[in-house]
$ cat run_12.csv   # CSV, C-alpha atoms
chain,number,residue,atom,x,y,z
A,1,MET,CA,-38.6,-43.6,61.8
A,2,GLY,CA,-41.6,-45.4,63.3
A,3,ALA,CA,-39.7,-46.2,66.5
A,4,LEU,CA,-40.5,-42.8,68.0
A,5,ALA,CA,-44.2,-43.1,67.3
A,6,THR,CA,-44.2,-46.6,68.7
A,7,LEU,CA,-42.5,-45.5,71.9
A,8,GLN,CA,-44.9,-42.6,72.3
A,9,MET,CA,-47.9,-44.9,71.8
A,10,ALA,CA,-46.5,-47.4,74.4
A,11,LEU,CA,-45.9,-44.6,76.9
A,12,GLN,CA,-49.5,-43.4,76.5
A,13,LEU,CA,-51.0,-46.7,77.4
A,14,PRO,CA,-52.5,-47.1,81.0
A,15,LYS,CA,-49.9,-47.9,83.6
A,16,GLU,CA,-51.5,-51.3,84.3
A,17,THR,CA,-51.1,-52.5,80.7
A,18,PRO,CA,-48.0,-54.6,80.2
A,19,VAL,CA,-45.9,-53.3,77.3
A,20,THR,CA,-43.1,-55.0,75.4
A,21,VAL,CA,-41.6,-53.0,72.6
A,22,VAL,CA,-39.0,-54.6,70.2
A,23,LEU,CA,-37.2,-52.1,68.0
A,24,VAL,CA,-35.6,-53.6,64.9
A,25,ALA,CA,-32.9,-51.4,63.5
A,26,PRO,CA,-34.2,-48.2,65.1
A,27,ALA,CA,-33.3,-44.9,63.6
A,28,LEU,CA,-33.4,-42.9,66.8
A,29,GLY,CA,-31.4,-39.8,66.6
A,30,VAL,CA,-31.9,-39.3,62.9
A,31,MET,CA,-34.3,-36.4,63.4
A,32,GLN,CA,-31.7,-34.3,65.1
A,33,ARG,CA,-29.2,-34.9,62.3
A,34,ARG,CA,-31.8,-33.9,59.8
A,35,LYS,CA,-32.3,-30.5,61.4
A,36,GLU,CA,-28.5,-30.0,61.4
A,37,VAL,CA,-28.3,-31.0,57.7
A,38,LYS,CA,-31.2,-28.7,56.8
A,39,LYS,CA,-29.4,-25.8,58.4
A,40,SER,CA,-26.2,-26.5,56.6
A,41,ILE,CA,-28.0,-26.9,53.3
A,42,ALA,CA,-29.9,-23.6,53.8
A,43,ASN,CA,-26.6,-21.8,54.2
A,44,LYS,CA,-25.2,-23.1,50.9
A,45,LYS,CA,-25.8,-21.4,47.6
A,46,PRO,CA,-27.2,-23.5,44.8
A,47,SER,CA,-24.5,-24.6,42.3
A,48,PHE,CA,-23.9,-27.2,39.6
A,49,SER,CA,-23.7,-30.5,41.4
A,50,ILE,CA,-21.0,-32.8,40.0
A,51,GLN,CA,-22.2,-35.5,42.5
A,52,LYS,CA,-25.7,-35.4,41.0
A,53,TYR,CA,-24.7,-35.7,37.4
A,54,ILE,CA,-21.6,-37.8,37.5
A,55,ILE,CA,-22.4,-40.2,40.4
A,56,ASP,CA,-26.1,-40.2,41.3
A,57,LEU,CA,-27.7,-40.3,37.9
A,58,PRO,CA,-25.6,-43.2,36.6
A,59,LEU,CA,-26.0,-45.1,39.9
A,60,GLN,CA,-29.8,-44.6,39.7
A,61,TYR,CA,-29.9,-45.9,36.1
A,62,ILE,CA,-27.8,-49.0,37.1
A,63,LEU,CA,-30.1,-49.7,40.1
A,64,ARG,CA,-33.2,-49.5,37.9
A,65,ARG,CA,-31.6,-51.8,35.3
A,66,ILE,CA,-30.5,-54.4,37.9
A,67,VAL,CA,-33.8,-54.5,39.7
A,68,GLY,CA,-35.6,-54.8,36.4
A,69,ILE,CA,-33.8,-58.0,35.4
A,70,ARG,CA,-36.3,-60.9,35.2
A,71,GLY,CA,-36.0,-63.1,38.3
A,72,PHE,CA,-33.9,-60.6,40.3
A,73,TRP,CA,-36.1,-60.6,43.4
A,74,LYS,CA,-36.6,-64.4,43.4
A,75,ARG,CA,-32.9,-65.1,43.1
A,76,GLY,CA,-32.0,-62.5,45.7
A,77,LEU,CA,-34.6,-63.7,48.2
A,78,SER,CA,-33.5,-67.3,47.6
A,79,ALA,CA,-30.0,-66.4,48.7
A,80,VAL,CA,-31.2,-65.0,52.1
A,81,TRP,CA,-34.4,-67.0,52.8
A,82,GLY,CA,-34.2,-69.8,55.4
A,83,ASN,CA,-35.2,-72.4,52.9
A,84,PRO,CA,-34.6,-71.1,49.3
A,85,LYS,CA,-37.2,-73.7,47.9
A,86,LEU,CA,-39.9,-72.0,49.9
A,87,VAL,CA,-39.6,-68.6,48.1
A,88,THR,CA,-42.7,-68.2,46.0
A,89,ASP,CA,-43.5,-65.8,43.1
A,90,THR,CA,-45.9,-64.0,45.5
A,91,ASP,CA,-43.0,-63.4,48.0
A,92,ALA,CA,-40.9,-61.9,45.2
A,93,LEU,CA,-43.7,-59.7,44.0
A,94,ARG,CA,-44.2,-58.3,47.5
A,95,PHE,CA,-40.6,-57.2,47.6
A,96,GLN,CA,-40.7,-55.9,44.1
A,97,TRP,CA,-43.7,-53.6,44.5
A,98,PRO,CA,-41.8,-50.7,46.2
A,99,SER,CA,-39.4,-50.6,43.3
A,100,ILE,CA,-42.3,-49.9,40.9
A,101,GLY,CA,-42.7,-46.4,42.4
A,102,LEU,CA,-41.0,-43.3,41.0
A,103,GLY,CA,-37.8,-42.1,42.6
A,104,TRP,CA,-37.1,-45.1,44.9
A,105,GLU,CA,-33.5,-45.3,43.6
A,106,ARG,CA,-32.8,-41.7,44.5
A,107,GLY,CA,-34.2,-42.2,48.0
A,108,LEU,CA,-32.0,-45.3,48.4
A,109,LEU,CA,-28.9,-43.3,47.4
A,110,MET,CA,-29.8,-40.4,49.7
A,111,PHE,CA,-30.5,-42.7,52.6
A,112,THR,CA,-27.2,-44.6,52.1
A,113,ARG,CA,-25.2,-41.4,51.8
A,114,ALA,CA,-26.9,-40.0,54.9
A,115,MET,CA,-26.1,-43.1,56.9
A,116,THR,CA,-22.5,-43.4,55.8
A,117,SER,CA,-21.8,-39.7,56.4
A,118,SER,CA,-23.5,-39.7,59.8
A,119,SER,CA,-21.6,-42.8,60.9
A,120,ARG,CA,-18.3,-41.0,60.0
A,121,ASN,CA,-19.3,-37.9,61.9
A,122,ASP,CA,-21.0,-39.1,65.0
A,123,GLY,CA,-18.1,-40.7,66.8
A,124,MET,CA,-20.2,-43.7,67.7
A,125,ASP,CA,-18.6,-46.0,65.1
A,126,ASP,CA,-16.9,-49.1,66.6
A,127,ASP,CA,-14.2,-49.0,63.9
A,128,SER,CA,-12.9,-45.6,64.8
$ encode --input "run_12.csv" --output "structure tokens"
Amino acid sequence: MGALATLQMALQLPKETPVTVVLVAPALGVMQRRKEVKKSIANKKPSFSIQKYIIDLPLQYILRRIVGIRGFWKRGLSAVWGNPKLVTDTDALRFQWPSIGLGWERGLLMFTRAMTSSSRNDGMDDDS
């Protein structure tokens, strides 16, 4: 989401200033999809959501329990770190901090669902 702001800032720099912008996993185009989703949601009437109570709530509980296991972050980071022996408790704590906030698991599920549904609908998928 910060890619658009970064590009706007780079374009506002003086012409003589050399600019190199590296985008890592940019989410360009997500804003347009959000508007489309908001319109489709606005047209729907509120109803009992089986997805929320049967799928989302149990998955959120499972995510909270897994992330809360002692040593979860250190083991996970050791699996992907260049040298697992260099992972410190401080490194694990920095990755753990966002999971302390309220509602992170719901946000993760919503983001995952949005990305998987948009990749099925946008026709840009390499596998189709």
$ atom_distance --input "run_12.csv" --atom1 "CA of Phe95 (chain A)" --atom2 "CA of Gly71 (chain A)"
11.9 Å
$ atom_distance --input "run_12.csv" --atom1 "CA of Arg65 (chain A)" --atom2 "CA of Pro84 (chain A)"
24.0 Å
$ closest_residue --input "run_12.csv" --among "A:Ala92, A:Ile66, A:Val22, A:Leu4" --to "Ser78 (chain A)" --atoms "all atoms listed in the file"
A:Ala92
$ atom_distance --input "run_12.csv" --atom1 "CA of Lys74 (chain A)" --atom2 "CA of Gly101 (chain A)"
19.0 Å
$ closest_residue --input "run_12.csv" --among "A:Ala114, A:Leu109, A:Ile100, A:Met9" --to "Val67 (chain A)" --atoms "all atoms listed in the file"
A:Ile100
$ residues_around --input "run_12.csv" --residues "Ser99 (chain A)" --least-positions-apart "6" --cutoff "9 Å" --atoms "only C-alpha atoms" --output "ChimeraX atom specification"
/A:64,67-68,105
$ write_last_selection --input "run_12.csv" --atoms "C-alpha atoms" --output "PDB file, keeping the file's coordinate frame"
ATOM      1  CA  ARG A  64     -33.200 -49.500  37.900  1.00  0.00           C
ATOM      2  CA  VAL A  67     -33.800 -54.500  39.700  1.00  0.00           C
ATOM      3  CA  GLY A  68     -35.600 -54.800  36.400  1.00  0.00           C
ATOM      4  CA  GLU A 105     -33.500 -45.300  43.600  1.00  0.00           C
TER       5      GLU A 105
END
